[in-house]
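Source file: query.cif. Holds: mmCIF, C-alpha atoms and all ligand atoms.
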data_protein
#
loop_
_atom_site.label_atom_id
_atom_site.label_comp_id
_atom_site.auth_asym_id
_atom_site.auth_seq_id
_atom_site.Cartn_x
_atom_site.Cartn_y
_atom_site.Cartn_z
CA MET N 1 15.05 -49.87 -31.25
CA LYS N 2 16.44 -47.88 -34.17
CA LYS N 3 18.27 -49.45 -37.12
CA PRO N 4 19.45 -46.58 -39.31
CA ALA N 5 20.85 -47.57 -42.69
CA ILE N 6 24.65 -47.71 -42.69
CA THR N 7 24.98 -45.57 -45.80
CA ASN N 8 28.09 -44.73 -47.82
CA LEU N 9 26.89 -41.15 -48.24
CA ASP N 10 24.53 -38.82 -46.43
CA ILE N 11 20.89 -39.28 -47.39
CA HIS N 12 17.67 -37.76 -46.10
CA PRO N 13 17.12 -38.79 -42.46
CA ILE N 14 13.60 -40.06 -43.23
CA ILE N 15 15.05 -42.56 -45.71
CA LYS N 16 18.00 -43.41 -43.48
CA ASN N 17 15.89 -44.09 -40.42
CA ARG N 18 12.90 -45.88 -41.97
CA TRP N 19 13.00 -49.61 -41.46
CA SER N 20 10.56 -52.50 -41.14
CA PRO N 21 10.25 -53.66 -37.54
CA ARG N 22 7.84 -56.45 -36.57
CA SER N 23 7.36 -55.31 -32.96
CA PHE N 24 4.20 -53.21 -32.76
CA SER N 25 2.55 -51.76 -29.69
CA GLU N 26 -1.25 -51.65 -29.55
CA LYS N 27 -1.20 -47.87 -28.97
CA LYS N 28 -3.89 -46.25 -31.09
CA VAL N 29 -2.78 -44.04 -33.97
CA ASP N 30 -4.31 -40.55 -33.94
CA PRO N 31 -6.80 -40.40 -36.85
CA ALA N 32 -5.28 -37.03 -37.89
CA LYS N 33 -1.95 -38.82 -38.48
CA LEU N 34 -3.70 -41.51 -40.51
CA ARG N 35 -5.42 -38.90 -42.63
CA ARG N 36 -2.07 -37.18 -43.30
CA ILE N 37 -0.55 -40.52 -44.26
CA PHE N 38 -3.24 -41.14 -46.89
CA GLU N 39 -2.97 -37.53 -48.03
CA ALA N 40 0.73 -38.20 -48.72
CA ALA N 41 -0.23 -41.32 -50.73
CA ARG N 42 -2.75 -39.28 -52.71
CA TRP N 43 0.03 -36.95 -53.86
CA ALA N 44 2.27 -39.64 -55.31
CA PRO N 45 2.99 -39.29 -59.04
CA SER N 46 1.40 -41.73 -61.47
CA SER N 47 1.34 -42.43 -65.18
CA PHE N 48 -1.18 -40.09 -66.89
CA ASN N 49 -2.14 -39.07 -63.35
CA GLU N 50 -4.39 -42.13 -63.28
CA GLN N 51 -3.91 -42.60 -59.51
CA PRO N 52 -4.62 -46.33 -59.72
CA TRP N 53 -4.13 -46.80 -55.96
CA ARG N 54 -6.93 -47.71 -53.60
CA PHE N 55 -6.54 -48.61 -49.93
CA ILE N 56 -8.51 -50.53 -47.33
CA VAL N 57 -7.68 -49.50 -43.78
CA GLY N 58 -8.54 -51.22 -40.53
CA GLU N 59 -8.00 -49.99 -37.00
CA LYS N 60 -7.60 -52.62 -34.29
CA GLY N 61 -11.01 -53.46 -32.89
CA ASP N 62 -12.97 -52.74 -36.07
CA ASP N 63 -14.42 -55.17 -38.60
CA SER N 64 -12.03 -54.05 -41.34
CA TRP N 65 -8.95 -54.83 -39.20
CA ASP N 66 -10.32 -58.32 -38.46
CA LYS N 67 -10.92 -59.05 -42.14
CA LEU N 68 -7.50 -57.69 -43.16
CA TYR N 69 -5.89 -59.84 -40.47
CA GLU N 70 -7.75 -62.88 -41.80
CA CYS N 71 -6.18 -62.30 -45.25
CA MET N 72 -2.60 -62.55 -43.93
CA VAL N 73 -0.50 -65.74 -44.01
CA LYS N 74 0.18 -67.23 -40.58
CA PHE N 75 3.83 -66.07 -40.55
CA ASN N 76 2.67 -62.45 -40.81
CA GLN N 77 -0.30 -62.92 -38.45
CA ASP N 78 2.13 -64.14 -35.78
CA TRP N 79 3.99 -60.81 -35.56
CA ALA N 80 1.36 -58.34 -36.83
CA LYS N 81 -1.31 -59.29 -34.30
CA SER N 82 -0.73 -56.20 -32.17
CA ALA N 83 -0.44 -53.64 -35.01
CA ALA N 84 -2.90 -50.80 -34.42
CA VAL N 85 -3.51 -50.30 -38.15
CA LEU N 86 -3.57 -52.66 -41.12
CA ILE N 87 -3.69 -51.39 -44.69
CA MET N 88 -4.17 -53.18 -48.01
CA SER N 89 -3.08 -51.62 -51.28
CA ILE N 90 -5.22 -52.35 -54.31
CA GLY N 91 -4.48 -51.43 -57.93
CA LYS N 92 -6.88 -50.53 -60.73
CA GLN N 93 -5.75 -52.50 -63.78
CA SER N 94 -7.62 -50.74 -66.58
CA SER N 95 -6.59 -47.38 -67.97
CA SER N 96 -8.98 -44.52 -68.65
CA LYS N 97 -7.23 -44.39 -72.06
CA GLY N 98 -8.53 -47.91 -72.81
CA GLY N 99 -6.81 -51.28 -72.31
CA THR N 100 -4.57 -52.13 -69.40
CA ASN N 101 -2.50 -49.61 -67.49
CA LYS N 102 0.85 -51.40 -67.76
CA VAL N 103 2.39 -49.46 -64.88
CA TYR N 104 -0.46 -49.62 -62.36
CA GLN N 105 1.52 -51.78 -59.94
CA TYR N 106 4.50 -49.43 -60.18
CA ASP N 107 2.25 -46.47 -59.37
CA VAL N 108 0.62 -48.20 -56.41
CA GLY N 109 4.12 -49.05 -55.13
CA GLN N 110 5.05 -45.37 -55.26
CA SER N 111 2.00 -44.40 -53.24
CA MET N 112 2.94 -47.04 -50.65
CA ALA N 113 6.46 -45.60 -50.49
CA TYR N 114 4.91 -42.19 -49.80
CA ILE N 115 2.96 -43.78 -46.94
CA THR N 116 6.14 -45.23 -45.45
CA PHE N 117 7.90 -41.84 -45.54
CA GLN N 118 4.98 -39.87 -44.11
CA ALA N 119 4.58 -42.51 -41.39
CA GLU N 120 8.27 -42.17 -40.49
CA ALA N 121 7.82 -38.39 -40.31
CA GLU N 122 4.84 -38.94 -37.97
CA GLY N 123 6.93 -41.08 -35.58
CA LEU N 124 5.24 -44.28 -36.73
CA VAL N 125 6.63 -47.50 -38.21
CA VAL N 126 5.45 -49.57 -41.15
CA HIS N 127 6.04 -53.16 -42.22
CA GLN N 128 4.89 -54.12 -45.70
CA MET N 129 3.74 -57.61 -46.65
CA GLY N 130 3.29 -59.67 -49.78
CA GLY N 131 2.26 -62.67 -47.68
CA PHE N 132 -1.54 -62.58 -47.83
CA SER N 133 -4.36 -64.05 -49.87
CA ALA N 134 -5.65 -61.74 -52.59
CA ASP N 135 -8.54 -64.16 -53.22
CA LYS N 136 -9.62 -63.96 -49.61
CA ALA N 137 -9.41 -60.15 -49.74
CA ARG N 138 -11.53 -60.07 -52.90
CA GLU N 139 -14.17 -62.20 -51.20
CA LEU N 140 -14.18 -60.48 -47.78
CA PHE N 141 -14.20 -56.91 -49.14
CA SER N 142 -16.20 -57.46 -52.37
CA ILE N 143 -13.37 -56.06 -54.50
CA PRO N 144 -14.48 -55.61 -58.15
CA GLU N 145 -12.71 -57.58 -60.89
CA ASP N 146 -10.79 -54.62 -62.33
CA TYR N 147 -9.07 -54.03 -58.97
CA VAL N 148 -6.20 -56.23 -57.73
CA PRO N 149 -5.12 -56.56 -54.08
CA LEU N 150 -1.34 -56.02 -54.23
CA THR N 151 0.24 -55.68 -50.79
CA MET N 152 -0.53 -55.15 -47.13
CA MET N 153 1.17 -53.19 -44.39
CA ALA N 154 1.11 -53.05 -40.61
CA LEU N 155 1.42 -49.52 -39.24
CA GLY N 156 1.65 -48.17 -35.73
CA TYR N 157 3.99 -47.45 -32.86
CA GLN N 158 7.04 -49.61 -32.40
CA ASP N 159 7.44 -51.83 -29.34
CA SER N 160 10.54 -53.47 -27.85
CA PRO N 161 12.04 -56.37 -29.88
CA ASP N 162 11.59 -58.52 -26.79
CA SER N 163 7.82 -58.21 -27.12
CA LEU N 164 8.15 -60.59 -30.11
CA GLU N 165 8.15 -64.37 -29.90
CA GLY N 166 10.67 -67.02 -31.07
CA ASP N 167 12.78 -66.33 -34.18
CA PHE N 168 11.20 -62.90 -34.66
CA VAL N 169 13.43 -61.48 -31.88
CA LYS N 170 16.57 -62.53 -33.78
CA MET N 171 15.15 -61.23 -37.06
CA GLU N 172 14.31 -57.90 -35.43
CA LYS N 173 17.88 -57.46 -34.23
CA ALA N 174 19.60 -58.62 -37.46
CA PRO N 175 21.58 -56.02 -39.40
CA ARG N 176 19.99 -54.34 -42.41
CA VAL N 177 21.86 -55.06 -45.64
CA ARG N 178 21.78 -53.86 -49.23
CA LYS N 179 23.43 -54.84 -52.52
CA PRO N 180 26.42 -52.68 -53.44
CA PHE N 181 25.99 -49.66 -55.72
CA GLY N 182 28.03 -51.34 -58.51
CA GLU N 183 25.46 -54.15 -58.84
CA LEU N 184 22.62 -51.68 -59.24
CA VAL N 185 23.58 -48.51 -61.09
CA PHE N 186 24.86 -48.87 -64.67
CA SER N 187 26.09 -46.73 -67.48
CA GLY N 188 27.00 -47.55 -71.08
CA SER N 189 25.64 -51.08 -70.95
CA PHE N 190 23.71 -53.20 -68.52
CA GLY N 191 26.01 -54.49 -65.79
CA ASN N 192 28.62 -51.78 -66.33
CA GLU N 193 28.91 -49.81 -63.11
CA ALA N 194 28.21 -46.08 -63.43
CA ARG N 195 31.19 -44.04 -62.17
CA LEU N 196 29.33 -40.78 -61.48
CA ASP N 197 32.57 -38.86 -60.96
C1 LIG R 1 6.33 -55.61 -51.31
C2 LIG R 1 6.93 -56.10 -50.00
C3 LIG R 1 6.52 -57.32 -49.49
C4 LIG R 1 7.03 -57.77 -48.26
N1 LIG R 1 6.51 -58.92 -47.71
C5 LIG R 1 6.83 -59.23 -46.42
C6 LIG R 1 6.13 -60.28 -45.75
O1 LIG R 1 5.18 -60.90 -46.27
N2 LIG R 1 6.49 -60.57 -44.48
C7 LIG R 1 7.50 -59.88 -43.83
O2 LIG R 1 7.75 -60.19 -42.67
N3 LIG R 1 8.16 -58.87 -44.44
C8 LIG R 1 7.86 -58.51 -45.72
N4 LIG R 1 8.47 -57.44 -46.33
C9 LIG R 1 9.50 -56.66 -45.61
C10 LIG R 1 10.89 -56.81 -46.25
O3 LIG R 1 11.41 -58.08 -45.93
C11 LIG R 1 11.81 -55.68 -45.80
O4 LIG R 1 11.33 -54.44 -46.30
C12 LIG R 1 13.25 -55.88 -46.31
O5 LIG R 1 13.83 -56.98 -45.69
C13 LIG R 1 14.15 -54.67 -46.09
O6 LIG R 1 14.16 -54.32 -44.73
P1 LIG R 1 13.92 -52.80 -44.26
O7 LIG R 1 12.55 -52.41 -44.76
O8 LIG R 1 13.98 -52.85 -42.75
O9 LIG R 1 14.97 -51.95 -44.86
C14 LIG R 1 8.00 -56.99 -47.56
C15 LIG R 1 8.42 -55.76 -48.11
C16 LIG R 1 7.89 -55.31 -49.31
C17 LIG R 1 8.34 -53.96 -49.84
#
Show how you would write the structure in this file as structure tokens.
Amino acid sequence: MKKPAITNLDIHPIIKNRWSPRSFSEKKVDPAKLRRIFEAARWAPSSFNEQPWRFIVGEKGDDSWDKLYECMVKFNQDWAKSAAVLIMSIGKQSSSKGGTNKVYQYDVGQSMAYITFQAEAEGLVVHQMGGFSADKARELFSIPEDYVPLTMMALGYQDSPDSLEGDFVKMEKAPRVRKPFGELVFSGSFGNEARLD
């Protein structure tokens, strides 16, 4: 099932067509695709080129996938159980310039966005998650103190919405919505809609 964004203006098809389904087939993802996906992440921009992103990847059937799955809250486990690949994003807090890198989370988010776009280009789907235990991840993967587990994602091939259970079917078929432009893009002062004409 496709759910292209109903946009007011034409945008790049990769952005228009990307969405976050919860129906995943167990079909294995070609390792070459996975490598290209992480290559895309590697080329995201970052403050001072610090590249504070780190990733843990698990492929269904391996020990890493099992541990990543264990970190997820039950709500996410219920739909992500068939995802072929699970990924955790982790951010390095300290800066090589000394002190804390105040934009490390922003930078890691950008690298995750690059993953979503490369995945879309590879014919794959991604669903990101905040619903997981960072403490559990730290323990299961021996993550050092300076590194913070930030988000997770399920990645793989999409399945039919009817492969989901219960309320997830309705959620899968619900329309995608966004706030209007005027609530988001300002000029002159905060809250004052930019005209851009
Ligand atoms: C950082 C982040 C955390 C999210 N956490 C969850 C989550 O824990 N569980 C879930 O089902 N969806 C989660 N989502 C998916 C969002 O709900 C989804 O991206 C949003 O509704 C917009 O839908 P779209 O991606 O299809 O455009 C998360 C997305 C992001 C970016």
Would you work out the distance separating atom O5 of ligand LIG 1 (chain R) from CA of Glu39 (chain N), expressed in Å to one decimal? 25.8 Å
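Reported to one decimal place, the separation of atom P1 of ligand LIG 1 (chain R) from CA of Glu122 (chain N) is 17.7 Å.
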Which residues are near ligand LIG 1 (chain R) in this structure, taking near to mean any atom at most 10 Å from a ligand atom and counting all atoms listed in the file? Format them as a count of residues only. 44
Skip Gly156 (chain N) itself and residues of its chain fewer than 6 positions away, then list as a PDB file with C-alpha atoms, keeping the file's coordinate frame all residues within 6 Å of it, counting all atoms listed in the file.
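Done, and the output landed in selection.pdb:
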ATOM      1  CA  ALA N  83      -0.440 -53.640 -35.010  1.00  0.00           C
ATOM      2  CA  ALA N  84      -2.900 -50.800 -34.420  1.00  0.00           C
ATOM      3  CA  LEU N 124       5.240 -44.280 -36.730  1.00  0.00           C
ATOM      4  CA  VAL N 125       6.630 -47.500 -38.210  1.00  0.00           C
TER       5      VAL N 125
END
Proximity to Ala40 (chain N) - best of N:Asn192, N:Val169, N:Leu140, N:Glu120, only C-alpha atoms: N:Glu120
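CA of Phe55 (chain N) is found 15.1 Å from CA of Tyr106 (chain N).
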Excluding Ser46 (chain N) and any residue of its chain fewer than 2 positions from it, enumerate the residues within 12 Å of it, using all atoms listed in the file, and give them as JSON, numbers by chain. {"N": [41, 42, 43, 44, 48, 49, 50, 51, 52, 53, 91, 95, 101, 102, 103, 104, 105, 106, 107, 108, 109, 110, 111]}
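Closest approach to Asp146 (chain N) among N:Ala119, N:Val85, N:Val185, N:Ile90 is made by N:Ile90 (distances from only C-alpha atoms).
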Residue neighbourhood Met1 (chain N), 9 Å, all atoms listed in the file, exclusion window fewer than 5 positions, as number ranges by chain: N: 21, 158-161, 173
Could the residues in this selection be written to a file with C-alpha atoms, as a PDB file, in the frame of the given file?
ATOM      1  CA  PRO N  21      10.250 -53.660 -37.540  1.00  0.00           C
ATOM      2  CA  GLN N 158       7.040 -49.610 -32.400  1.00  0.00           C
ATOM      3  CA  ASP N 159       7.440 -51.830 -29.340  1.00  0.00           C
ATOM      4  CA  SER N 160      10.540 -53.470 -27.850  1.00  0.00           C
ATOM      5  CA  PRO N 161      12.040 -56.370 -29.880  1.00  0.00           C
ATOM      6  CA  LYS N 173      17.880 -57.460 -34.230  1.00  0.00           C
TER       7      LYS N 173
END
Considering all atoms listed in the file, can you say which of N:Asp66, N:Lys92, N:Ile14, N:Ile37 comes closest to Ile143 (chain N)? N:Lys92
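The closest residue to Met88 (chain N), picked from N:Phe117, N:Pro149, N:Gly123, N:Gly61 and counting all atoms listed in the file, is N:Pro149.
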Excluding Leu184 (chain N) and residues on its chain fewer than 3 positions from it, collect all residues at most 9 Å away from it, counting only C-alpha atoms, and give them as number ranges by chain. N: 179-181, 191, 193-194
Can you sort out region 91-119 of chain N so it carries N, CA and C atoms, written as a PDB file, keeping the file's coordinate frame?
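Result written to part_36.pdb:
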ATOM      1  N   GLY N  91      -4.752 -52.170 -56.699  1.00  0.00           N
ATOM      2  CA  GLY N  91      -4.480 -51.430 -57.930  1.00  0.00           C
ATOM      3  C   GLY N  91      -5.592 -51.593 -58.949  1.00  0.00           C
ATOM      4  N   LYS N  92      -5.886 -50.499 -59.644  1.00  0.00           N
ATOM      5  CA  LYS N  92      -6.880 -50.530 -60.730  1.00  0.00           C
ATOM      6  C   LYS N  92      -6.133 -50.888 -62.010  1.00  0.00           C
ATOM      7  N   GLN N  93      -6.502 -51.998 -62.615  1.00  0.00           N
ATOM      8  CA  GLN N  93      -5.750 -52.500 -63.780  1.00  0.00           C
ATOM      9  C   GLN N  93      -6.026 -51.728 -65.058  1.00  0.00           C
ATOM     10  N   SER N  94      -7.280 -51.335 -65.277  1.00  0.00           N
ATOM     11  CA  SER N  94      -7.620 -50.740 -66.580  1.00  0.00           C
ATOM     12  C   SER N  94      -7.252 -49.271 -66.596  1.00  0.00           C
ATOM     13  N   SER N  95      -6.953 -48.782 -67.795  1.00  0.00           N
ATOM     14  CA  SER N  95      -6.590 -47.380 -67.970  1.00  0.00           C
ATOM     15  C   SER N  95      -7.797 -46.610 -68.502  1.00  0.00           C
ATOM     16  N   SER N  96      -7.885 -45.354 -68.115  1.00  0.00           N
ATOM     17  CA  SER N  96      -8.980 -44.520 -68.650  1.00  0.00           C
ATOM     18  C   SER N  96      -8.768 -44.267 -70.140  1.00  0.00           C
ATOM     19  N   LYS N  97      -7.536 -44.569 -70.632  1.00  0.00           N
ATOM     20  CA  LYS N  97      -7.230 -44.390 -72.060  1.00  0.00           C
ATOM     21  C   LYS N  97      -7.652 -45.636 -72.859  1.00  0.00           C
ATOM     22  N   GLY N  98      -8.163 -46.652 -72.154  1.00  0.00           N
ATOM     23  CA  GLY N  98      -8.530 -47.910 -72.810  1.00  0.00           C
ATOM     24  C   GLY N  98      -7.428 -48.934 -72.590  1.00  0.00           C
ATOM     25  N   GLY N  99      -7.782 -50.202 -72.520  1.00  0.00           N
ATOM     26  CA  GLY N  99      -6.810 -51.280 -72.310  1.00  0.00           C
ATOM     27  C   GLY N  99      -6.287 -51.295 -70.881  1.00  0.00           C
ATOM     28  N   THR N 100      -5.141 -51.980 -70.746  1.00  0.00           N
ATOM     29  CA  THR N 100      -4.570 -52.130 -69.400  1.00  0.00           C
ATOM     30  C   THR N 100      -3.540 -51.043 -69.146  1.00  0.00           C
ATOM     31  N   ASN N 101      -3.538 -50.552 -67.929  1.00  0.00           N
ATOM     32  CA  ASN N 101      -2.500 -49.610 -67.490  1.00  0.00           C
ATOM     33  C   ASN N 101      -1.280 -50.450 -67.120  1.00  0.00           C
ATOM     34  N   LYS N 102      -0.243 -50.445 -67.989  1.00  0.00           N
ATOM     35  CA  LYS N 102       0.850 -51.400 -67.760  1.00  0.00           C
ATOM     36  C   LYS N 102       1.742 -51.025 -66.573  1.00  0.00           C
ATOM     37  N   VAL N 103       1.562 -49.848 -66.027  1.00  0.00           N
ATOM     38  CA  VAL N 103       2.390 -49.460 -64.880  1.00  0.00           C
ATOM     39  C   VAL N 103       1.557 -49.282 -63.592  1.00  0.00           C
ATOM     40  N   TYR N 104       0.377 -49.887 -63.542  1.00  0.00           N
ATOM     41  CA  TYR N 104      -0.460 -49.620 -62.360  1.00  0.00           C
ATOM     42  C   TYR N 104       0.185 -50.129 -61.076  1.00  0.00           C
ATOM     43  N   GLN N 105       0.896 -51.260 -61.169  1.00  0.00           N
ATOM     44  CA  GLN N 105       1.520 -51.780 -59.940  1.00  0.00           C
ATOM     45  C   GLN N 105       2.664 -50.863 -59.489  1.00  0.00           C
ATOM     46  N   TYR N 106       3.405 -50.362 -60.468  1.00  0.00           N
ATOM     47  CA  TYR N 106       4.500 -49.430 -60.180  1.00  0.00           C
ATOM     48  C   TYR N 106       3.946 -48.205 -59.458  1.00  0.00           C
ATOM     49  N   ASP N 107       2.846 -47.675 -59.971  1.00  0.00           N
ATOM     50  CA  ASP N 107       2.250 -46.470 -59.370  1.00  0.00           C
ATOM     51  C   ASP N 107       1.743 -46.744 -57.945  1.00  0.00           C
ATOM     52  N   VAL N 108       1.120 -47.881 -57.763  1.00  0.00           N
ATOM     53  CA  VAL N 108       0.620 -48.200 -56.410  1.00  0.00           C
ATOM     54  C   VAL N 108       1.821 -48.332 -55.450  1.00  0.00           C
ATOM     55  N   GLY N 109       2.911 -48.925 -55.950  1.00  0.00           N
ATOM     56  CA  GLY N 109       4.120 -49.050 -55.130  1.00  0.00           C
ATOM     57  C   GLY N 109       4.648 -47.684 -54.704  1.00  0.00           C
ATOM     58  N   GLN N 110       4.584 -46.730 -55.626  1.00  0.00           N
ATOM     59  CA  GLN N 110       5.050 -45.370 -55.260  1.00  0.00           C
ATOM     60  C   GLN N 110       4.184 -44.777 -54.166  1.00  0.00           C
ATOM     61  N   SER N 111       2.879 -44.980 -54.269  1.00  0.00           N
ATOM     62  CA  SER N 111       2.000 -44.400 -53.240  1.00  0.00           C
ATOM     63  C   SER N 111       2.282 -45.067 -51.892  1.00  0.00           C
ATOM     64  N   MET N 112       2.613 -46.356 -51.909  1.00  0.00           N
ATOM     65  CA  MET N 112       2.940 -47.040 -50.650  1.00  0.00           C
ATOM     66  C   MET N 112       4.258 -46.504 -50.080  1.00  0.00           C
ATOM     67  N   ALA N 113       5.198 -46.185 -50.967  1.00  0.00           N
ATOM     68  CA  ALA N 113       6.460 -45.600 -50.490  1.00  0.00           C
ATOM     69  C   ALA N 113       6.179 -44.246 -49.825  1.00  0.00           C
ATOM     70  N   TYR N 114       5.268 -43.469 -50.410  1.00  0.00           N
ATOM     71  CA  TYR N 114       4.910 -42.190 -49.800  1.00  0.00           C
ATOM     72  C   TYR N 114       4.333 -42.406 -48.396  1.00  0.00           C
ATOM     73  N   ILE N 115       3.527 -43.467 -48.268  1.00  0.00           N
ATOM     74  CA  ILE N 115       2.960 -43.780 -46.940  1.00  0.00           C
ATOM     75  C   ILE N 115       4.094 -44.082 -45.953  1.00  0.00           C
ATOM     76  N   THR N 116       5.075 -44.868 -46.393  1.00  0.00           N
ATOM     77  CA  THR N 116       6.140 -45.230 -45.450  1.00  0.00           C
ATOM     78  C   THR N 116       6.897 -43.976 -44.996  1.00  0.00           C
ATOM     79  N   PHE N 117       7.125 -43.032 -45.909  1.00  0.00           N
ATOM     80  CA  PHE N 117       7.900 -41.840 -45.540  1.00  0.00           C
ATOM     81  C   PHE N 117       7.086 -40.910 -44.639  1.00  0.00           C
ATOM     82  N   GLN N 118       5.813 -40.732 -44.963  1.00  0.00           N
ATOM     83  CA  GLN N 118       4.980 -39.870 -44.110  1.00  0.00           C
ATOM     84  C   GLN N 118       4.841 -40.506 -42.718  1.00  0.00           C
ATOM     85  N   ALA N 119       4.690 -41.820 -42.680  1.00  0.00           N
ATOM     86  CA  ALA N 119       4.580 -42.510 -41.390  1.00  0.00           C
ATOM     87  C   ALA N 119       5.841 -42.282 -40.557  1.00  0.00           C
TER      88      ALA N 119
END
